[in-house]
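Structure data (mmCIF, C-alpha atoms) from data.cif:
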```cif
data_start
#
loop_
_atom_site.label_atom_id
_atom_site.label_comp_id
_atom_site.auth_asym_id
_atom_site.auth_seq_id
_atom_site.Cartn_x
_atom_site.Cartn_y
_atom_site.Cartn_z
CA MET A 1 0.00 0.00 0.00
CA SER A 2 1.33 3.44 -0.93
CA PHE A 3 0.26 7.00 -1.64
CA THR A 4 1.92 9.10 -4.34
CA ILE A 5 1.28 12.72 -5.20
CA THR A 6 2.06 14.17 -8.61
CA LYS A 7 1.17 17.47 -10.20
CA GLN A 8 -0.48 18.24 -13.46
CA GLY A 9 -0.53 21.97 -13.88
CA ASP A 10 -2.10 23.36 -10.71
CA ILE A 11 -3.85 20.08 -9.86
CA SER A 12 -2.31 17.71 -7.32
CA ILE A 13 -3.16 14.11 -8.07
CA VAL A 14 -3.07 11.60 -5.22
CA GLU A 15 -2.93 7.93 -6.15
CA ILE A 16 -3.88 5.34 -3.57
CA ASP A 17 -2.25 2.01 -4.38
CA GLY A 18 -3.77 -0.65 -2.12
CA GLN A 19 -6.25 -0.24 0.71
CA LEU A 20 -7.29 2.95 2.49
CA ILE A 21 -8.05 1.76 6.01
CA VAL A 22 -7.58 2.50 9.69
CA GLY A 23 -3.91 1.55 9.63
CA ASN A 24 -2.82 3.99 6.94
CA ARG A 25 -5.41 6.77 6.70
CA GLN A 26 -3.32 9.09 8.89
CA GLU A 27 -0.48 8.84 6.39
CA LEU A 28 -2.78 9.90 3.56
CA LYS A 29 -4.19 12.73 5.66
CA GLN A 30 -0.74 14.05 6.47
CA LYS A 31 0.47 13.88 2.87
CA MET A 32 -2.55 15.81 1.65
CA LEU A 33 -2.37 18.37 4.43
CA ASP A 34 1.28 18.90 3.54
CA ALA A 35 0.29 19.52 -0.07
CA LEU A 36 -2.37 21.98 1.12
CA GLU A 37 0.22 23.71 3.30
CA HIS A 38 2.44 24.07 0.24
CA GLY A 39 -0.28 25.83 -1.68
CA ALA A 40 -2.20 23.05 -3.42
CA ARG A 41 -5.83 24.07 -3.86
CA LYS A 42 -7.05 21.62 -6.51
CA LEU A 43 -6.66 18.06 -5.30
CA LEU A 44 -7.77 14.92 -7.04
CA VAL A 45 -7.75 11.45 -5.51
CA ASP A 46 -7.39 8.76 -8.16
CA PHE A 47 -8.73 5.37 -7.00
CA THR A 48 -7.65 3.37 -10.08
CA LYS A 49 -5.31 1.20 -8.03
CA THR A 50 -7.29 1.23 -4.79
CA GLY A 51 -8.52 -2.01 -3.28
CA TYR A 52 -11.03 -1.41 -0.52
CA ILE A 53 -11.76 1.45 1.85
CA ASP A 54 -13.09 1.18 5.40
CA SER A 55 -15.11 3.70 7.38
CA SER A 56 -12.02 5.46 8.68
CA GLY A 57 -10.76 5.85 5.12
CA LEU A 58 -14.09 7.39 4.17
CA GLY A 59 -13.92 9.57 7.25
CA VAL A 60 -10.51 10.95 6.38
CA LEU A 61 -11.74 11.89 2.91
CA VAL A 62 -14.66 13.77 4.50
CA SER A 63 -12.33 15.53 6.91
CA LEU A 64 -9.90 16.47 4.14
CA SER A 65 -12.72 17.74 1.97
CA LYS A 66 -13.77 20.13 4.73
CA LYS A 67 -10.23 21.35 5.41
CA ILE A 68 -9.49 21.89 1.75
CA ARG A 69 -12.72 23.82 1.26
CA GLU A 70 -11.90 26.00 4.28
CA GLN A 71 -8.67 26.93 2.50
CA GLY A 72 -10.56 27.88 -0.63
CA GLY A 73 -9.70 24.69 -2.47
CA GLU A 74 -11.50 21.63 -3.70
CA LEU A 75 -11.13 17.88 -3.42
CA ARG A 76 -12.49 15.66 -6.16
CA LEU A 77 -12.45 11.91 -6.67
CA ALA A 78 -11.96 9.77 -9.76
CA ALA A 79 -11.96 6.19 -11.01
CA LEU A 80 -13.96 4.46 -8.33
CA ASN A 81 -14.64 0.89 -9.36
CA GLU A 82 -18.10 -0.58 -8.90
CA ASP A 83 -17.42 -1.83 -5.37
CA LEU A 84 -15.96 1.46 -4.17
CA ARG A 85 -18.81 3.32 -5.82
CA THR A 86 -21.22 1.10 -3.83
CA LEU A 87 -19.50 2.13 -0.58
CA PHE A 88 -19.95 5.79 -1.40
CA GLU A 89 -23.59 5.22 -2.36
CA LEU A 90 -24.36 3.20 0.78
CA THR A 91 -23.01 6.00 2.94
CA LYS A 92 -24.45 8.74 0.69
CA LEU A 93 -20.96 10.19 0.35
CA ASP A 94 -21.52 10.19 -3.39
CA THR A 95 -23.65 13.29 -2.71
CA LEU A 96 -20.78 15.00 -0.93
CA PHE A 97 -18.02 14.58 -3.46
CA GLN A 98 -17.72 15.30 -7.15
CA ILE A 99 -16.80 11.89 -8.58
CA SER A 100 -15.60 11.33 -12.13
CA ASP A 101 -15.34 8.03 -13.94
CA SER A 102 -11.73 8.63 -14.93
CA ARG A 103 -8.74 10.76 -14.07
CA GLU A 104 -8.96 12.48 -17.45
CA GLN A 105 -12.57 13.48 -16.91
CA ALA A 106 -11.78 14.74 -13.42
CA LEU A 107 -8.84 16.83 -14.62
CA ALA A 108 -10.95 18.33 -17.36
CA SER A 109 -13.67 19.24 -14.86
CA PHE A 110 -11.50 21.43 -12.64
CA MET B 1 -12.12 -23.11 -10.45
CA PRO B 2 -15.91 -23.32 -9.87
CA GLY B 3 -17.42 -26.69 -10.38
CA PRO B 4 -20.46 -28.66 -9.24
CA ARG B 5 -21.40 -28.03 -5.64
CA ASP B 6 -20.13 -31.40 -4.50
CA GLN B 7 -16.69 -30.54 -5.79
CA PHE B 8 -16.25 -27.59 -3.41
CA PRO B 9 -13.57 -28.14 -0.85
CA GLU B 10 -14.82 -28.77 2.64
CA ALA B 11 -15.49 -25.82 4.87
CA ARG B 12 -12.34 -24.22 6.19
CA ILE B 13 -11.93 -22.81 9.66
CA LEU B 14 -9.40 -20.08 10.20
CA GLU B 15 -8.38 -18.94 13.67
CA PHE B 16 -6.11 -16.10 14.63
CA GLU B 17 -5.09 -14.24 17.73
CA ILE B 18 -3.63 -10.81 17.11
CA PRO B 19 -2.36 -8.05 19.35
CA SER B 20 -4.37 -4.85 19.76
CA ASP B 21 -2.58 -3.23 16.85
CA VAL B 22 -4.36 -2.14 13.67
CA ARG B 23 -1.32 -3.09 11.61
CA PHE B 24 -2.32 -6.74 11.99
CA ILE B 25 -5.76 -6.26 10.44
CA GLU B 26 -4.80 -6.54 6.79
CA ARG B 27 -3.10 -9.94 6.99
CA VAL B 28 -6.13 -11.46 8.73
CA VAL B 29 -8.48 -9.95 6.16
CA GLU B 30 -6.34 -11.23 3.27
CA ALA B 31 -6.35 -14.76 4.70
CA VAL B 32 -10.14 -14.82 5.00
CA ARG B 33 -10.55 -13.33 1.53
CA ALA B 34 -8.30 -15.99 0.07
CA GLU B 35 -10.46 -18.75 1.56
CA CYS B 36 -13.63 -17.08 0.30
CA ARG B 37 -12.07 -16.96 -3.16
CA THR B 38 -11.28 -20.68 -2.93
CA MET B 39 -14.90 -21.39 -1.96
CA CYS B 40 -16.10 -19.36 -4.93
CA TYR B 41 -17.79 -16.53 -3.09
CA THR B 42 -18.70 -13.76 -5.51
CA GLU B 43 -16.17 -11.17 -6.61
CA ARG B 44 -18.17 -8.55 -4.75
CA HIS B 45 -18.08 -10.56 -1.54
CA VAL B 46 -14.33 -10.93 -1.83
CA ALA B 47 -13.65 -7.36 -2.94
CA LEU B 48 -16.16 -5.47 -0.76
CA ASN B 49 -18.40 -7.22 1.76
CA VAL B 50 -15.85 -9.40 3.52
CA PRO B 51 -12.83 -7.10 3.70
CA VAL B 52 -14.77 -3.99 4.71
CA ALA B 53 -16.99 -5.66 7.32
CA LEU B 54 -14.13 -7.65 8.83
CA THR B 55 -11.85 -4.61 8.89
CA GLU B 56 -14.55 -2.65 10.71
CA ALA B 57 -15.06 -5.41 13.27
CA LEU B 58 -11.34 -5.78 13.91
CA SER B 59 -10.84 -2.05 14.10
CA ASN B 60 -13.65 -1.74 16.66
CA ALA B 61 -12.28 -4.64 18.68
CA ILE B 62 -8.79 -3.18 18.79
CA LEU B 63 -9.58 0.49 19.26
CA ARG B 64 -12.82 0.45 21.23
CA GLY B 65 -13.08 -2.99 22.80
CA ASN B 66 -9.45 -3.35 23.82
CA GLY B 67 -8.56 0.34 23.88
CA GLU B 68 -5.35 -0.57 22.04
CA ARG B 69 -4.04 -2.06 25.26
CA ARG B 70 -0.92 -4.16 24.72
CA ASP B 71 -2.06 -6.67 27.34
CA ARG B 72 -5.20 -7.42 25.36
CA SER B 73 -5.59 -9.45 22.18
CA VAL B 74 -8.28 -10.08 19.60
CA LEU B 75 -9.47 -13.54 18.59
CA ILE B 76 -10.78 -14.14 15.10
CA ARG B 77 -12.55 -17.26 13.92
CA ALA B 78 -13.78 -17.57 10.36
CA HIS B 79 -15.84 -20.52 9.18
CA VAL B 80 -15.76 -20.41 5.40
CA GLY B 81 -18.43 -22.82 4.19
CA ASP B 82 -20.03 -23.43 0.87
CA VAL B 83 -23.35 -22.10 2.20
CA ARG B 84 -22.24 -19.29 4.46
CA LEU B 85 -19.34 -17.44 5.95
CA ILE B 86 -19.36 -16.95 9.70
CA MET B 87 -16.81 -14.56 11.16
CA GLU B 88 -16.43 -14.09 14.90
CA VAL B 89 -14.30 -11.35 16.38
CA THR B 90 -13.73 -11.40 20.13
CA ASP B 91 -12.10 -8.65 22.16
CA GLU B 92 -11.51 -8.37 25.90
CA GLY B 93 -13.67 -5.33 26.40
CA GLN B 94 -16.91 -4.76 28.26
CA GLY B 95 -19.09 -5.05 25.23
CA PHE B 96 -21.58 -2.63 23.78
CA ASP B 97 -25.23 -2.38 22.84
CA LEU B 98 -25.30 -2.85 19.09
CA ASP B 99 -28.70 -1.18 18.66
CA ALA B 100 -27.79 1.76 20.86
CA CYS B 101 -24.52 2.33 19.01
CA LEU B 102 -26.03 2.17 15.57
CA MET B 103 -26.88 5.49 14.02
CA ASP B 104 -27.63 6.54 10.49
CA PRO B 105 -24.58 8.34 9.12
CA THR B 106 -26.44 9.38 5.97
CA THR B 107 -28.56 12.08 7.59
CA PRO B 108 -27.66 15.66 6.65
CA GLU B 109 -26.46 16.30 10.23
CA ARG B 110 -24.07 13.35 10.23
CA LEU B 111 -22.92 13.25 6.62
CA LEU B 112 -20.05 15.61 7.33
CA SER B 113 -18.93 13.66 10.38
CA GLU B 114 -15.60 11.86 10.19
CA ASP B 115 -16.87 8.99 12.34
CA GLY B 116 -19.90 6.79 12.74
CA ARG B 117 -19.96 4.65 9.60
CA GLY B 118 -18.32 1.45 10.82
CA LEU B 119 -21.25 -0.41 12.39
CA TYR B 120 -23.56 0.87 9.69
CA LEU B 121 -21.33 -0.63 6.97
CA MET B 122 -21.04 -3.94 8.82
CA LEU B 123 -24.84 -4.21 8.93
CA LYS B 124 -25.21 -3.21 5.30
CA LEU B 125 -22.56 -5.58 3.98
CA MET B 126 -23.32 -8.68 6.06
CA ASP B 127 -26.58 -10.65 6.13
CA HIS B 128 -26.56 -10.87 9.91
CA VAL B 129 -24.59 -9.20 12.69
CA GLU B 130 -24.95 -9.88 16.39
CA ARG B 131 -23.03 -9.16 19.54
CA VAL B 132 -22.82 -11.63 22.39
CA GLN B 133 -21.02 -11.62 25.68
CA ALA B 134 -18.31 -14.28 25.47
CA GLN B 135 -16.28 -15.90 28.20
CA ARG B 136 -13.27 -13.72 27.62
CA GLY B 137 -15.09 -10.58 26.58
CA ASN B 138 -17.14 -9.30 23.74
CA LEU B 139 -17.91 -11.32 20.60
CA VAL B 140 -19.25 -9.91 17.34
CA ARG B 141 -20.56 -12.50 14.90
CA MET B 142 -21.11 -11.69 11.24
CA ILE B 143 -22.75 -14.00 8.73
CA LEU B 144 -22.71 -13.74 4.96
CA ASN B 145 -24.65 -16.18 2.82
CA ARG B 146 -22.70 -17.29 -0.19
CA ALA B 147 -25.78 -17.08 -2.39
CA SER B 148 -26.63 -13.48 -1.39
#
```
When written as structure tokens, how does the structure in this file appear?
Amino acid sequence: MSFTITKQGDISIVEIDGQLIVGNRQELKQKMLDALEHGARKLLVDFTKTGYIDSSGLGVLVSLSKKIREQGGELRLAALNEDLRTLFELTKLDTLFQISDSREQALASF
Amino acid sequence: MPGPRDQFPEARILEFEIPSDVRFIERVVEAVRAECRTMCYTERHVALNVPVALTEALSNAILRGNGERRDRSVLIRAHVGDVRLIMEVTDEGQGFDLDACLMDPTTPERLLSEDGRGLYLMLKLMDHVERVQAQRGNLVRMILNRAS
């Protein structure tokens, strides 16, 4: 499991490779807060390589979304597979986030 | 690979005891998933229902039940059958009232909360969840029917 952040123009893209769960969500949170601290205001989480997410992973995304918005930025999500999409729908978090089918669509939407 | 029902391997029972450390969760979950895959549970069961529900139960046992105390451990027993999966997670805590702890995290007031989705997801992803007081503490039993 790993998190990588790359930049495309003024958009910071976070890739989650593996699971986003209680044991590693703090690491993701810190990485994204660091990016925010360094001026990132458009952040995209790409779930192409993500396995499963637990409730604490969902919670950290909610928390980050709030923090980023408070700083005048925006967090968007992309490339949720069917199972991850189900998680967001079950918890109604699909109404909270802007979710694109692919990274390309998400980047174009910013 | 899938074959006639009578060609399924016999039910497997997995048992683990792990310390109250969330870093041990993933290896337990992967072991149970692997057995579910062998018993031809659906892709969705293997990719979503089992790992998320079991992770939630283990996380609750470690963080809430055992308070992350080093002198406490968590027992896991998974019966992976061709009809149903039964997972039992036992911590050394006082236990909790499942009904009282369950709240709907999808209401407008709670949607922005960072917490409160764990039990809800367990109940949504498993066919049956119950909590019983066990000899050594608190046991949460989750059942998933292979045909569901």
I'd like the neighbourhood of B:Gly67 as a PDB file with C-alpha atoms, keeping the file's coordinate frame, where a residue qualifies if any of its atoms comes within 10 Å (using all atoms listed in the file), though same-chain residues fewer than 6 positions away should be ignored.
```pdb
ATOM      1  CA  SER B  20      -4.370  -4.850  19.760  1.00  0.00           C
ATOM      2  CA  ASP B  21      -2.580  -3.230  16.850  1.00  0.00           C
ATOM      3  CA  ASN B  60     -13.650  -1.740  16.660  1.00  0.00           C
ATOM      4  CA  ALA B  61     -12.280  -4.640  18.680  1.00  0.00           C
ATOM      5  CA  ASP B  91     -12.100  -8.650  22.160  1.00  0.00           C
ATOM      6  CA  GLU B  92     -11.510  -8.370  25.900  1.00  0.00           C
ATOM      7  CA  GLY B  93     -13.670  -5.330  26.400  1.00  0.00           C
TER       8      GLY B  93
END
```
query = With only C-alpha atoms as the basis for distance, which of B:Val52, B:Ile62, B:Val132, B:Val32 is at the shortest distance from chain A?
reply = B:Val52
request  = List the residues sitting within 7 Å of (-15.3, -18.4, 12.2) in the file's frame, using all atoms listed in the file, as a list in words.
outcome  = Ile13, Leu14, Ile76, Arg77, Ala78, His79, Ile86, Met87 and Glu88 of chain B
List every residue of chain B that has an atom at most 8 Å from any atom of chain A, and for each one report the closest atom pair and its distance in Å to one decimal, counting all atoms listed in the file, with rows sorted by chain and then by increasing residue number, as a tab-separated table.
```
residue	atom	partner	partner_atom	distance
B:Val22	CA	A:Gly23	CA	5.5
B:Arg23	CA	A:Gly23	CA	5.7
B:Arg44	CA	A:Asp83	CA	6.8
B:Ala47	CA	A:Tyr52	CA	6.9
B:Leu48	CA	A:Asp83	CA	6.0
B:Pro51	CA	A:Tyr52	CA	7.3
B:Val52	CA	A:Asp54	CA	5.5
B:Thr55	CA	A:Asp54	CA	6.9
B:Glu56	CA	A:Asp54	CA	6.7
B:Ser59	CA	A:Val22	CA	7.1
B:Pro105	CA	A:Thr91	CA	6.8
B:Thr106	CA	A:Lys92	CA	5.7
B:Leu111	CA	A:Leu93	CA	7.2
B:Leu112	CA	A:Val62	CA	6.4
B:Ser113	CA	A:Gly59	CA	7.2
B:Glu114	CA	A:Gly59	CA	4.1
B:Asp115	CA	A:Gly59	CA	5.9
B:Gly116	CA	A:Ser55	CA	7.8
B:Arg117	CA	A:Ser55	CA	5.4
B:Gly118	CA	A:Ser55	CA	5.2
B:Leu121	CA	A:Ser55	CA	7.6
B:Lys124	CA	A:Leu90	CA	7.9
```
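Proximity ranking of B:Glu10, B:Asn138, B:Asp99, B:Asp82 relative to B:Thr42 places B:Asp82 first, based on only C-alpha atoms.
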task = Select all residues near (-17.7, -21.2, 3.9) (cut-off 10 Å, inclusive, file coordinates), counting all atoms listed in the file, and output them as number ranges by chain.
result = B: 8-13, 32, 35-41, 78-87, 144-146
Serialized selection, C-alpha atoms, as a CSV table (one decimal), keeping the file's coordinate frame:
```csv
chain,number,residue,atom,x,y,z
B,8,PHE,CA,-16.2,-27.6,-3.4
B,9,PRO,CA,-13.6,-28.1,-0.8
B,10,GLU,CA,-14.8,-28.8,2.6
B,11,ALA,CA,-15.5,-25.8,4.9
B,12,ARG,CA,-12.3,-24.2,6.2
B,13,ILE,CA,-11.9,-22.8,9.7
B,32,VAL,CA,-10.1,-14.8,5.0
B,35,GLU,CA,-10.5,-18.8,1.6
B,36,CYS,CA,-13.6,-17.1,0.3
B,37,ARG,CA,-12.1,-17.0,-3.2
B,38,THR,CA,-11.3,-20.7,-2.9
B,39,MET,CA,-14.9,-21.4,-2.0
B,40,CYS,CA,-16.1,-19.4,-4.9
B,41,TYR,CA,-17.8,-16.5,-3.1
B,78,ALA,CA,-13.8,-17.6,10.4
B,79,HIS,CA,-15.8,-20.5,9.2
B,80,VAL,CA,-15.8,-20.4,5.4
B,81,GLY,CA,-18.4,-22.8,4.2
B,82,ASP,CA,-20.0,-23.4,0.9
B,83,VAL,CA,-23.4,-22.1,2.2
B,84,ARG,CA,-22.2,-19.3,4.5
B,85,LEU,CA,-19.3,-17.4,6.0
B,86,ILE,CA,-19.4,-17.0,9.7
B,87,MET,CA,-16.8,-14.6,11.2
B,144,LEU,CA,-22.7,-13.7,5.0
B,145,ASN,CA,-24.6,-16.2,2.8
B,146,ARG,CA,-22.7,-17.3,-0.2
```
key: Distance in Å - atom CA of B:Thr107 versus atom CA of A:Asp94   =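 If I compute the distance from atom CA of B:Thr107 to atom CA of A:Asp94, I get 13.2 Å.
Taking atom CA of B:Ala134 as the reference point, atom CA of B:Leu102 is found at 20.7 Å.
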remark   = Here atom CA of B:Val89 and atom CA of B:Leu139 stand apart by 5.6 Å
Chain and number of each residue from the PyMOL selection byres ((chain A and resi 45) around 7), as a compact mmCIF listing (two decimals) with C-alpha atoms, in the coordinates of the input:
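For reference, expr26.txt as written:
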```
# COMPACT_ATOMS: atom_id res chain seq x y z
CA ILE A 13 -3.16 14.11 -8.07
CA VAL A 14 -3.07 11.60 -5.22
CA GLU A 15 -2.93 7.93 -6.15
CA LEU A 43 -6.66 18.06 -5.30
CA LEU A 44 -7.77 14.92 -7.04
CA ASP A 46 -7.39 8.76 -8.16
CA PHE A 47 -8.73 5.37 -7.00
CA ARG A 76 -12.49 15.66 -6.16
CA LEU A 77 -12.45 11.91 -6.67
CA ALA A 78 -11.96 9.77 -9.76
```
task = Please evaluate the PyMOL selection byres ((chain A and resi 49) around 7) against the displayed coordinates and give the resulting residues as a ChimeraX atom specification.
result = /A:16-18,47-48,50-51
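Evaluated against this file, the PyMOL selection byres ((chain B and resi 70) around 7) yields Pro19, Ser20, Glu68, Arg69, Asp71 and Arg72 of chain B.
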Find the axis-aligned box for stretch 88-95 of chain B, covering all its listed atoms and adding 3 Å on each side, and write its centre and edge lengths in Å to one decimal as AutoDock Vina command-line options.
```
--center_x -15.3 --center_y -9.4 --center_z 21.6 --size_x 13.6 --size_y 15.3 --size_z 19.4
```
query = Which residues come within 10 Å of A:Leu36, counting all atoms listed in the file, excluding same-chain residues fewer than 6 positions away, as a PyMOL selection string?
reply = chain A and resi 12+30+42-43+64+67-68+71+73
Contacts of B:Gly95 within 7 Å, all atoms listed in the file, excl. fewer than 6 positions in-chain, as a compact mmCIF listing (two decimals) with C-alpha atoms, keeping the file's coordinate frame:
```txt
# COMPACT_ATOMS: atom_id res chain seq x y z
CA GLY B 65 -13.08 -2.99 22.80
CA GLN B 133 -21.02 -11.62 25.68
CA GLY B 137 -15.09 -10.58 26.58
CA ASN B 138 -17.14 -9.30 23.74
```
task = Rank A:Phe97, A:Arg41, A:Gln26, A:Lys31 by their smallest atom-to-atom distance to A:Asp10, using only C-alpha atoms, and report the top residue only.
result =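 Smallest distance to A:Asp10 is found for A:Arg41.
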